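Asks: Structure: target07.txt, compact mmCIF, C-alpha atoms.
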```
# COMPACT_ATOMS: atom_id res chain seq x y z
CA MET A 168 129.82 19.22 54.50
CA LEU A 169 129.86 20.50 50.92
CA ARG A 170 130.81 23.97 52.11
CA ARG A 171 133.75 22.56 54.05
CA LEU A 172 134.79 20.55 51.02
CA VAL A 173 134.76 23.77 48.98
CA ALA A 174 136.99 25.42 51.58
CA LEU A 175 139.43 22.48 51.72
CA LEU A 176 139.65 22.15 47.94
CA ALA A 177 140.21 25.90 47.62
CA LEU A 178 143.05 25.61 50.15
CA ALA A 179 144.63 22.87 48.05
CA GLY A 180 144.12 25.19 45.08
CA ILE A 181 146.08 27.94 46.83
CA PHE A 182 149.12 25.66 47.00
CA LEU A 183 148.65 24.48 43.44
CA ALA A 184 148.46 28.03 42.11
CA THR A 185 151.38 29.09 44.33
CA TYR A 186 153.44 26.28 42.84
CA LEU A 187 152.55 27.42 39.30
CA THR A 188 153.38 31.03 40.20
CA LEU A 189 156.77 30.14 41.68
CA TYR A 190 157.39 27.97 38.62
CA LYS A 191 156.56 30.87 36.33
CA LEU A 192 158.83 33.20 38.29
CA GLY A 193 161.62 30.62 38.19
CA TYR A 194 161.97 29.83 41.90
CA ILE A 195 160.85 26.25 41.63
CA GLY A 196 160.80 23.37 39.20
CA THR A 197 163.37 21.22 37.48
CA LEU A 198 165.15 22.00 34.29
CA SER A 199 163.28 20.43 31.52
CA CYS A 200 162.95 19.66 27.94
CA SER A 201 160.14 21.64 26.52
CA VAL A 202 157.80 19.37 24.64
CA GLY A 203 154.22 18.93 25.80
CA SER A 204 155.29 20.33 29.14
CA CYS A 205 154.59 23.36 31.23
CA GLU A 206 157.44 25.35 29.68
CA THR A 207 155.64 26.00 26.45
CA VAL A 208 152.50 27.03 28.26
CA GLN A 209 154.21 29.04 30.97
CA THR A 210 156.48 30.90 28.56
CA SER A 211 153.68 31.69 26.13
CA ARG A 212 152.25 35.20 26.02
CA TRP A 213 149.02 33.97 27.57
CA ALA A 214 150.79 33.12 30.83
CA THR A 215 150.45 36.76 31.88
CA PHE A 216 147.18 38.58 32.45
CA LEU A 217 147.00 42.31 33.20
CA GLY A 218 150.67 42.38 34.06
CA LEU A 219 150.63 39.50 36.52
CA PRO A 220 151.28 35.80 35.94
CA VAL A 221 148.00 33.98 35.33
CA ALA A 222 148.94 31.64 38.17
CA ALA A 223 149.15 34.60 40.57
CA TRP A 224 145.56 35.47 39.68
CA GLY A 225 144.83 31.84 40.48
CA VAL A 226 146.34 32.28 43.96
CA GLY A 227 144.10 35.29 44.53
CA PHE A 228 141.07 33.38 43.28
CA TYR A 229 141.66 30.40 45.57
CA VAL A 230 142.46 32.59 48.59
CA LEU A 231 139.16 34.42 48.09
CA VAL A 232 137.19 31.20 47.60
CA PHE A 233 138.89 29.65 50.64
CA ALA A 234 138.10 32.68 52.84
CA LEU A 235 134.47 32.92 51.70
CA ALA A 236 133.85 29.16 51.92
CA THR A 237 135.34 29.06 55.43
CA MET A 238 133.02 31.86 56.49
CA TRP A 239 130.19 29.96 54.81
CA SER A 240 131.10 26.81 56.79
CA VAL A 241 131.59 28.16 60.29
CA GLY A 242 130.80 31.24 62.22
CA SER A 243 128.04 33.77 62.21
CA PHE A 244 128.08 34.49 58.46
CA ALA A 245 127.19 30.88 57.63
CA ALA A 246 123.58 31.61 56.76
CA SER A 247 124.23 34.73 54.73
CA PRO A 248 122.73 34.40 51.25
CA ALA A 249 125.20 37.00 49.97
CA LEU A 250 128.06 34.58 50.65
CA GLY A 251 126.39 31.88 48.58
CA TRP A 252 125.87 34.32 45.71
CA ALA A 253 129.43 35.61 45.94
CA LEU A 254 130.82 32.07 45.83
CA LEU A 255 128.55 31.16 42.92
CA LEU A 256 129.69 34.18 40.89
CA LEU A 257 133.33 33.75 41.88
CA THR A 258 133.57 30.04 41.06
CA GLY A 259 131.48 30.56 37.92
CA TRP A 260 134.01 33.15 36.79
CA GLY A 261 136.78 30.66 37.73
CA VAL A 262 135.26 28.07 35.42
CA ILE A 263 134.96 30.51 32.52
CA PHE A 264 138.51 31.83 32.96
CA SER A 265 140.17 28.43 33.34
CA GLY A 266 138.04 27.06 30.53
CA TRP A 267 139.40 29.79 28.30
CA LEU A 268 142.97 28.98 29.44
CA THR A 269 142.45 25.29 28.72
CA TYR A 270 141.07 26.18 25.30
CA LEU A 271 144.24 28.19 24.63
CA GLU A 272 146.39 25.26 25.73
CA LEU A 273 144.59 22.79 23.50
CA PHE A 274 143.99 24.80 20.36
CA VAL A 275 146.32 27.80 20.33
CA ILE A 276 149.48 26.96 22.27
CA ASN A 277 149.17 23.26 21.42
CA ALA A 278 150.78 22.20 24.68
CA ILE A 279 149.36 20.93 27.92
CA CYS A 280 150.53 21.93 31.36
CA GLN A 281 149.31 19.18 33.68
CA TRP A 282 148.95 21.30 36.81
CA CYS A 283 147.11 23.99 34.87
CA VAL A 284 144.63 21.33 33.78
CA VAL A 285 144.34 20.08 37.36
CA SER A 286 143.58 23.64 38.42
CA ALA A 287 140.92 23.96 35.71
CA ILE A 288 139.29 20.73 36.92
CA LEU A 289 139.48 21.99 40.50
CA ALA A 290 137.75 25.23 39.51
CA ALA A 291 134.98 23.24 37.81
CA VAL A 292 134.56 20.97 40.87
CA LEU A 293 134.35 24.03 43.17
CA PHE A 294 131.64 25.53 40.97
CA VAL A 295 129.64 22.28 40.90
CA LEU A 296 129.91 21.91 44.68
CA VAL A 297 128.72 25.47 45.25
CA VAL A 298 125.76 24.91 42.88
CA MET A 299 124.90 21.61 44.62
CA GLU A 300 125.09 23.20 48.05
CA ARG A 301 122.88 26.09 47.00
CA ARG A 302 120.27 23.77 45.45
CA ARG A 303 120.28 21.59 48.54
CA ARG A 304 119.69 24.62 50.68
CA VAL A 305 116.88 25.90 48.48
CA ASP A 306 115.27 22.43 48.50
CA SER A 307 115.48 22.08 52.24
CA VAL A 308 113.99 25.52 52.67
CA ARG A 309 111.19 24.63 50.29
CA HIS A 310 110.29 21.29 51.87
CA GLU A 311 110.86 22.06 55.49
CA PRO A 312 107.70 23.48 56.95
CA GLY A 313 108.64 26.64 58.70
CA GLY A 314 112.21 26.42 57.46
CA HIS A 315 114.45 29.43 57.85
CA GLY A 316 115.53 31.16 54.66
CA MET B 33 119.14 34.83 59.83
CA GLY B 34 122.16 33.38 61.48
CA LYS B 35 120.71 34.37 64.79
CA ASP B 36 117.44 32.69 63.86
CA ARG B 37 119.06 29.39 63.17
CA VAL B 38 121.26 29.38 66.23
CA GLY B 39 118.25 30.33 68.28
CA SER B 40 116.08 27.54 66.90
CA ASN B 41 118.84 24.98 67.36
CA LYS B 42 119.16 26.03 70.89
CA GLY B 43 115.44 25.70 71.32
CA GLN B 44 115.32 22.14 70.02
CA ARG B 45 118.31 20.22 71.25
CA PRO B 46 120.75 22.66 72.67
CA GLY B 47 123.34 20.32 74.14
CA VAL B 48 123.52 17.81 71.28
CA VAL B 49 123.72 20.30 68.45
CA LYS B 50 126.26 22.43 70.21
CA SER B 51 128.68 19.59 70.89
CA ALA B 52 128.22 18.01 67.45
CA GLY B 53 128.88 21.40 65.85
CA LYS B 54 131.97 21.90 67.94
CA SER B 55 133.49 18.51 67.24
CA SER B 56 132.80 18.70 63.50
CA ASN B 57 134.28 22.19 63.50
CA ARG B 58 137.35 20.70 65.11
CA ALA B 59 137.49 18.05 62.37
CA PHE B 60 137.22 20.84 59.78
CA TYR B 61 140.08 22.79 61.35
CA ILE B 62 142.20 19.64 61.54
CA ALA B 63 141.49 18.95 57.87
CA ILE B 64 142.54 22.52 57.02
CA ALA B 65 145.74 22.06 59.01
CA VAL B 66 146.49 18.76 57.26
CA VAL B 67 145.98 20.23 53.79
CA ALA B 68 148.10 23.25 54.75
CA VAL B 69 150.94 21.13 56.11
CA VAL B 70 150.93 18.82 53.07
CA GLY B 71 150.86 21.83 50.74
CA ILE B 72 153.72 23.63 52.48
CA ALA B 73 155.76 20.42 52.64
CA ALA B 74 155.22 19.79 48.93
CA LEU B 75 156.24 23.34 47.98
CA THR B 76 159.32 23.15 50.22
CA TRP B 77 160.33 19.81 48.78
CA LEU B 78 159.92 21.07 45.21
CA SER B 79 161.95 24.20 45.84
CA THR B 80 164.86 22.41 47.51
CA ARG B 81 164.85 19.73 44.84
CA SER B 82 165.30 22.34 42.11
CA ALA B 83 168.19 23.89 44.02
CA ASN B 84 170.00 20.56 43.86
CA ARG B 85 169.62 20.19 40.16
CA ASN B 86 173.30 20.34 39.31
CA VAL B 87 174.19 17.31 41.39
CA ILE B 88 174.49 15.18 38.25
CA GLN B 89 177.93 13.64 38.05
CA LEU B 90 179.69 16.99 38.22
CA ASP B 91 183.31 16.57 39.17
CA THR B 92 184.60 19.81 40.63
CA SER B 93 188.14 18.49 40.79
CA LEU B 94 188.39 18.73 37.01
CA PRO B 95 190.15 21.78 35.62
CA ALA B 96 187.85 24.66 34.78
CA VAL B 97 187.35 25.16 31.08
CA GLU B 98 185.82 28.13 29.33
CA ALA B 99 182.45 27.34 27.80
CA VAL B 100 182.98 27.61 24.07
CA GLY B 101 180.58 25.15 22.54
CA TYR B 102 180.51 24.05 18.92
CA VAL B 103 180.39 26.70 16.26
CA MET B 104 178.92 26.60 12.76
CA GLY B 105 179.27 29.54 10.40
CA SER B 106 181.45 32.53 9.75
CA PRO B 107 183.25 34.42 12.52
CA ASP B 108 182.22 37.59 10.66
CA ALA B 109 178.48 36.90 10.79
CA PRO B 110 176.71 39.93 12.31
CA VAL B 111 174.61 37.88 14.75
CA GLU B 112 175.51 34.93 16.89
CA VAL B 113 172.87 32.50 18.06
CA ILE B 114 173.62 30.30 21.06
CA GLU B 115 171.59 27.13 21.39
CA PHE B 116 171.46 25.16 24.62
CA ALA B 117 170.39 21.63 23.77
CA ASP B 118 170.17 18.26 25.42
CA PHE B 119 170.77 15.34 23.07
CA GLU B 120 168.12 13.23 24.77
CA CYS B 121 165.45 15.93 24.76
CA PRO B 122 162.68 15.26 22.23
CA GLY B 123 162.15 19.01 21.77
CA CYS B 124 165.80 19.45 20.83
CA ALA B 125 165.58 16.56 18.37
CA GLN B 126 162.49 18.17 16.88
CA PHE B 127 164.41 21.42 16.39
CA ALA B 128 167.49 19.62 15.04
CA ILE B 129 165.46 17.63 12.52
CA LEU B 130 162.75 20.08 11.47
CA THR B 131 164.19 23.58 11.90
CA ALA B 132 167.98 23.34 11.96
CA PRO B 133 168.39 22.33 8.27
CA ASP B 134 166.64 25.53 7.19
CA VAL B 135 168.60 27.58 9.71
CA LYS B 136 171.80 26.12 8.31
CA THR B 137 171.11 26.71 4.61
CA ARG B 138 169.20 29.99 4.82
CA LEU B 139 170.89 31.79 7.71
CA VAL B 140 174.26 30.24 8.49
CA GLU B 141 175.48 29.55 4.98
CA THR B 142 174.31 32.96 3.79
CA GLY B 143 176.52 34.56 6.43
CA GLN B 144 173.73 36.17 8.46
CA ILE B 145 174.29 34.22 11.65
CA ARG B 146 176.79 32.03 13.39
CA LEU B 147 175.32 29.17 15.42
CA ARG B 148 177.02 28.16 18.66
CA LEU B 149 175.69 25.01 20.30
CA MET B 150 176.28 24.24 23.94
CA ASP B 151 175.10 20.86 25.01
CA PHE B 152 173.27 20.72 28.26
CA PRO B 153 172.59 17.14 29.43
CA LEU B 154 169.60 17.29 31.78
CA PRO B 155 169.67 15.30 35.03
CA GLN B 156 166.56 13.31 34.21
CA HIS B 157 168.04 11.97 30.97
CA ARG B 158 170.22 9.04 31.93
CA ASN B 159 171.84 8.58 28.52
CA ALA B 160 172.33 12.24 27.65
CA TRP B 161 175.85 12.39 29.07
CA THR B 162 177.01 9.50 26.86
CA ALA B 163 175.59 11.33 23.86
CA SER B 164 177.27 14.60 24.89
CA LEU B 165 180.63 12.90 25.37
CA SER B 166 180.19 11.12 22.03
CA ALA B 167 179.48 14.39 20.24
CA ALA B 168 182.55 15.95 21.87
CA CYS B 169 184.68 13.02 20.75
CA ALA B 170 183.34 13.30 17.20
CA ASN B 171 184.29 16.98 17.37
CA GLU B 172 187.83 15.89 18.21
CA GLN B 173 187.89 14.17 14.82
CA GLY B 174 186.36 17.18 13.10
CA LYS B 175 182.89 15.72 12.65
CA PHE B 176 180.78 17.28 15.37
CA TRP B 177 177.84 18.35 13.20
CA GLU B 178 177.69 15.00 11.40
CA MET B 179 177.53 13.29 14.80
CA HIS B 180 175.05 15.88 16.07
CA ASP B 181 172.68 15.01 13.20
CA ALA B 182 173.21 11.26 13.65
CA ILE B 183 172.59 11.40 17.42
CA PHE B 184 169.42 13.45 17.12
CA GLY B 185 168.23 11.42 14.13
CA SER B 186 168.42 8.17 16.09
CA GLN B 187 167.36 9.46 19.50
CA ASP B 188 164.70 6.76 19.87
CA ARG B 189 167.37 4.06 19.49
CA TRP B 190 169.62 5.15 22.34
CA ASN B 191 167.48 7.14 24.79
CA THR B 192 166.68 6.06 28.35
CA GLN B 193 163.59 4.15 27.26
CA ALA B 194 165.44 2.32 24.48
CA THR B 195 168.63 1.03 26.04
CA ARG B 196 170.93 0.78 29.03
CA ASN B 197 173.93 0.71 26.73
CA PRO B 198 173.82 3.92 24.71
CA LEU B 199 177.53 3.67 23.93
CA GLY B 200 176.85 0.67 21.67
CA VAL B 201 174.59 2.80 19.48
CA MET B 202 177.04 5.72 19.62
CA VAL B 203 179.87 3.52 18.32
CA GLU B 204 177.64 2.39 15.49
CA LEU B 205 176.81 6.02 14.65
CA ALA B 206 180.51 6.94 14.83
CA ARG B 207 181.34 4.16 12.38
CA GLY B 208 178.51 5.35 10.12
CA ILE B 209 179.92 8.85 9.76
CA GLY B 210 183.44 7.54 9.25
CA LEU B 211 185.16 8.22 12.55
CA ASN B 212 188.18 6.33 13.81
CA VAL B 213 186.19 4.01 16.06
CA ASP B 214 189.02 2.98 18.40
CA GLN B 215 190.00 6.55 19.08
CA PHE B 216 186.33 7.47 19.51
CA LYS B 217 185.65 4.71 22.02
CA GLU B 218 188.74 5.47 24.06
CA CYS B 219 187.78 9.16 24.08
CA VAL B 220 184.21 8.56 25.27
CA GLU B 221 185.15 5.95 27.88
CA SER B 222 187.86 8.13 29.39
CA ARG B 223 185.33 10.99 29.65
CA LYS B 224 187.97 13.22 28.13
CA TYR B 225 185.64 16.12 27.43
CA GLN B 226 183.64 16.08 30.64
CA PRO B 227 185.16 19.41 31.76
CA ASN B 228 183.97 21.07 28.55
CA ILE B 229 180.43 19.84 29.01
CA GLN B 230 180.45 20.88 32.65
CA ALA B 231 181.53 24.32 31.48
CA HIS B 232 178.44 24.42 29.25
CA LEU B 233 176.26 23.57 32.23
CA THR B 234 177.84 26.35 34.27
CA GLU B 235 177.32 28.78 31.42
CA ALA B 236 173.69 27.70 31.08
CA ASP B 237 173.19 28.23 34.79
CA ARG B 238 174.82 31.66 34.63
CA ARG B 239 172.47 32.66 31.84
CA GLY B 240 169.42 31.31 33.64
CA VAL B 241 168.60 28.66 31.07
CA ARG B 242 165.74 26.63 32.50
CA SER B 243 164.76 24.33 29.70
CA THR B 244 166.09 22.88 26.50
CA PRO B 245 166.22 23.84 23.78
CA SER B 246 166.81 27.49 24.61
CA PHE B 247 168.13 30.00 22.14
CA ILE B 248 169.94 33.23 22.79
CA ILE B 249 169.42 35.38 19.72
CA GLY B 250 170.85 38.84 20.12
CA SER B 251 169.49 40.28 23.35
CA ARG B 252 166.69 37.72 23.79
CA MET B 253 166.43 34.24 25.21
CA ILE B 254 163.77 32.09 23.58
CA PRO B 255 162.91 28.73 25.12
CA GLY B 256 161.28 25.94 23.15
CA ALA B 257 161.62 24.06 19.91
CA ILE B 258 160.66 27.02 17.76
CA GLY B 259 159.96 26.72 14.06
CA TYR B 260 161.94 28.39 11.31
CA ASP B 261 159.65 31.40 10.86
CA THR B 262 159.82 32.28 14.55
CA PHE B 263 163.58 31.72 14.57
CA LYS B 264 163.98 33.95 11.51
CA ALA B 265 161.85 36.69 13.06
CA TYR B 266 164.11 36.82 16.13
CA VAL B 267 167.20 36.78 13.90
CA ASP B 268 165.81 39.71 11.88
CA THR B 269 165.28 41.67 15.07
CA ALA B 270 168.80 40.85 16.22
CA LEU B 271 170.22 41.80 12.81
CA ALA B 272 168.45 45.15 13.02
CA GLU B 273 169.74 45.69 16.55
CA ALA B 274 173.25 44.70 15.52
CA ALA B 275 173.12 47.12 12.61
CA ALA B 276 171.93 49.90 14.91
CA THR B 277 174.45 49.39 17.70
CA GLY B 278 177.34 47.88 15.81
CA ALA B 279 177.45 45.00 18.27
CA THR B 280 178.12 41.68 16.65
CA ARG B 281 177.79 39.24 19.50
CA PRO B 282 175.56 38.76 22.51
CA THR B 283 177.11 40.19 25.60
CA GLY B 284 179.34 37.87 27.54
CA THR B 285 179.84 35.54 24.61
CA PRO B 286 182.90 33.34 24.85
CA GLN B 287 185.80 33.81 22.50
CA GLN B 288 185.74 32.72 18.90
CA GLY B 289 186.50 29.15 18.00
CA SER B 290 185.14 25.85 18.99
CA ASP B 291 185.81 23.33 21.68
CA SER B 292 188.32 21.50 19.55
CA ALA B 293 190.75 24.38 19.97
CA ASN B 294 189.83 24.92 23.57
CA ALA B 295 189.96 21.29 24.54
CA ALA B 296 193.70 20.79 24.22
CA ARG B 297 194.71 19.82 27.70
```
Would it be possible to restate this file's structure as structure tokens?

Replies:
Amino acid sequence: MLRRLVALLALAGIFLATYLTLYKLGYIGTLSCSVGSCETVQTSRWATFLGLPVAAWGVGFYVLVFALATMWSVGSFAASPALGWALLLLTGWGVIFSGWLTYLELFVINAICQWCVVSAILAAVLFVLVVMERRRRVDSVRHEPGGHG
Amino acid sequence: MGKDRVGSNKGQRPGVVKSAGKSSNRAFYIAIAVVAVVGIAALTWLSTRSANRNVIQLDTSLPAVEAVGYVMGSPDAPVEVIEFADFECPGCAQFAILTAPDVKTRLVETGQIRLRLMDFPLPQHRNAWTASLSAACANEQGKFWEMHDAIFGSQDRWNTQATRNPLGVMVELARGIGLNVDQFKECVESRKYQPNIQAHLTEADRRGVRSTPSFIIGSRMIPGAIGYDTFKAYVDTALAEAAATGATRPTGTPQQGSDSANAAR
């Protein structure tokens, strides 16, 4: 169940990050008055990373998590330990990266973009779920006599 | 390992596990489909909503007017700064109160820049149009900048949260800066300068302004209620560019003068 939750949340994350990317590129979003809103954050120099909008990296991140978590949930790769490790590293990196972005929002840019914060929370939840699922699996392997690793 | 598990499941309770797995897989796929449909619908809704953003009270039957705005400073200043501002936007008030006084005394009055303000009432600000019309009517009596300061200075008294009758506050402000109140009221109520403000909106759209305040300083557009130091840095860059190219105004800038001249109808 946890694996499926990871996949579903990552799918929601794809749309969230797509929204933020389209917003950054100017295809979406209302005109607004720029205090405490996404404008300040999205127009700051930290909104771009290695030549791409930060939100576009977010789309890539969520697509990858969604694909891996779906493979982890169903199909013949479900028991692969490599998938679990990949998801742990990926979501761990997601937490570090979005934590850094949230730090920038709070202490450097001094503005909060709500959906960026939602995405940061989502990244943290994904990481926690992956950790929980991996612990559960390790526990069950340990306690189940003759369990399959 | 995958084979192991499938094999052992089969060995224990083949039928039960298989059908339970299948039906919960189906639930998983349905959940994916639901999230996908909701996500796509939300993105579609957001993108069409933004396309409709100019639906606010625009009256296309009104005569087209060139967007000229309100100008402060010398026509000979080497750099022109265009500000797009919404009177009900807190960010614009912040700029008007904290930054604009320094801009006025240190840059405009020293002849380095000319400031052209185009008001840009945003659709979500119910009372912004009344403020814009009031400012235009103060301009008619030669007191735009006095009214500009008064409107921004008392934003919390007339904004959407404060009142449903912003005109009452506007009349009070008009009296305070010494306008002919009867003429002012008649001017605002008849929406005399609506075409001018619509022209500002069109100009903002043409220039891709997406938020207020936004500043066009030389060749750059800078969104946000920037502080004086940032403002000055952009002006310095524009001054250097102007000196290098001999250009004195941003490209596509309207003609000299202010809406008072342009507004004669």

Asks: Using all atoms listed in the file, which of B:Ala68, B:Cys124, B:Ile183, B:Ala274 sits nearest Phe247 (chain B)?

Replies: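 Selected residue with least distance to Phe247 (chain B): B:Cys124.
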
Asks: Just need the residues of chain B within 6 Å of chain A, counting only C-alpha atoms, so spit them out as a list in words.

Replies: Gly34, Gly71, Ser79, Ser82, Cys121, Gly123, Arg242, Ser243, Thr244 and Gly256 of chain B

Asks: Report, in Å to a single decimal, how far apart CA of Leu289 (chain A) and CA of Ala73 (chain B) are.

Replies: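 So the answer is 20.4 Å.
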
Asks: Can you list, as a PyMOL selection string, every protein, DNA or RNA residue that comes within 7 Å of Thr131 (chain B) when you count all atoms listed in the file, leaving out same-chain residues fewer than 4 positions away?

Replies: chain B and resi 127+135+259-260

Asks: Please provide the set of residues having any atom within 10 Å of Val220 (chain B), restricted to only C-alpha atoms, with same-chain residues fewer than 3 positions apart removed, written as a list of chain:residue names.

Replies: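 The contact residues come out as B:Trp161, B:Thr162, B:Ala163, B:Ser164, B:Leu165, B:Ser166, B:Ala167, B:Ala168, B:Cys169, B:Ala170, B:Leu199, B:Met202, B:Val203, B:Gln215, B:Phe216, B:Lys217, B:Arg223, B:Lys224, B:Tyr225, B:Gln226.
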
Asks: Could you work out how far CA of Glu115 (chain B) lies from CA of Ile248 (chain B), giving the answer in Å with one decimal?

Replies: 6.5 Å

Asks: Could you tell me how far CA of Asp237 (chain B) sits from CA of Leu75 (chain B), in Å to one decimal place?

Replies: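 Here the two named atoms are 22.0 Å from each other.
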
Asks: Once you count only C-alpha atoms, which residues end up no further than 10 Å from (170.6, 29.0, 23.2) in the file's frame, shown as a PyMOL selection string?

Replies: chain B and resi 112-117+147-151+236+239+241+243-249+252-256

Asks: From the options A:Ala253, A:Met238, A:Leu268, A:Cys283, which residue's atoms come nearest to Arg301 (chain A), counting only C-alpha atoms?

Replies: A:Ala253

Asks: Under the rule that only C-alpha atoms are counted, which of A:Leu217, A:Leu255, A:Val226, A:Leu192 is the nearest residue to Leu293 (chain A)?

Replies: A:Leu255

Asks: Measuring between only C-alpha atoms, which one of A:Leu257, A:Leu235, A:Leu169, A:Phe264 shows the shortest distance to Ser286 (chain A)?

Replies: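 Checking each of A:Leu257, A:Leu235, A:Leu169, A:Phe264 against Ser286 (chain A), counting only C-alpha atoms, the winner is A:Phe264.
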
Asks: From the list B:Thr277, B:Asn159, B:Thr269, B:Asn212, which residue is nearest Gln187 (chain B) when using only C-alpha atoms?

Replies: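 Comparing B:Thr277, B:Asn159, B:Thr269, B:Asn212 against Gln187 (chain B), the winner is B:Asn159.
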
Asks: Go through A:Ile279, A:Leu250, A:Ile263, A:Leu187 and flag the residue nearest Leu231 (chain A), using all atoms listed in the file for the distances.

Replies: A:Leu250
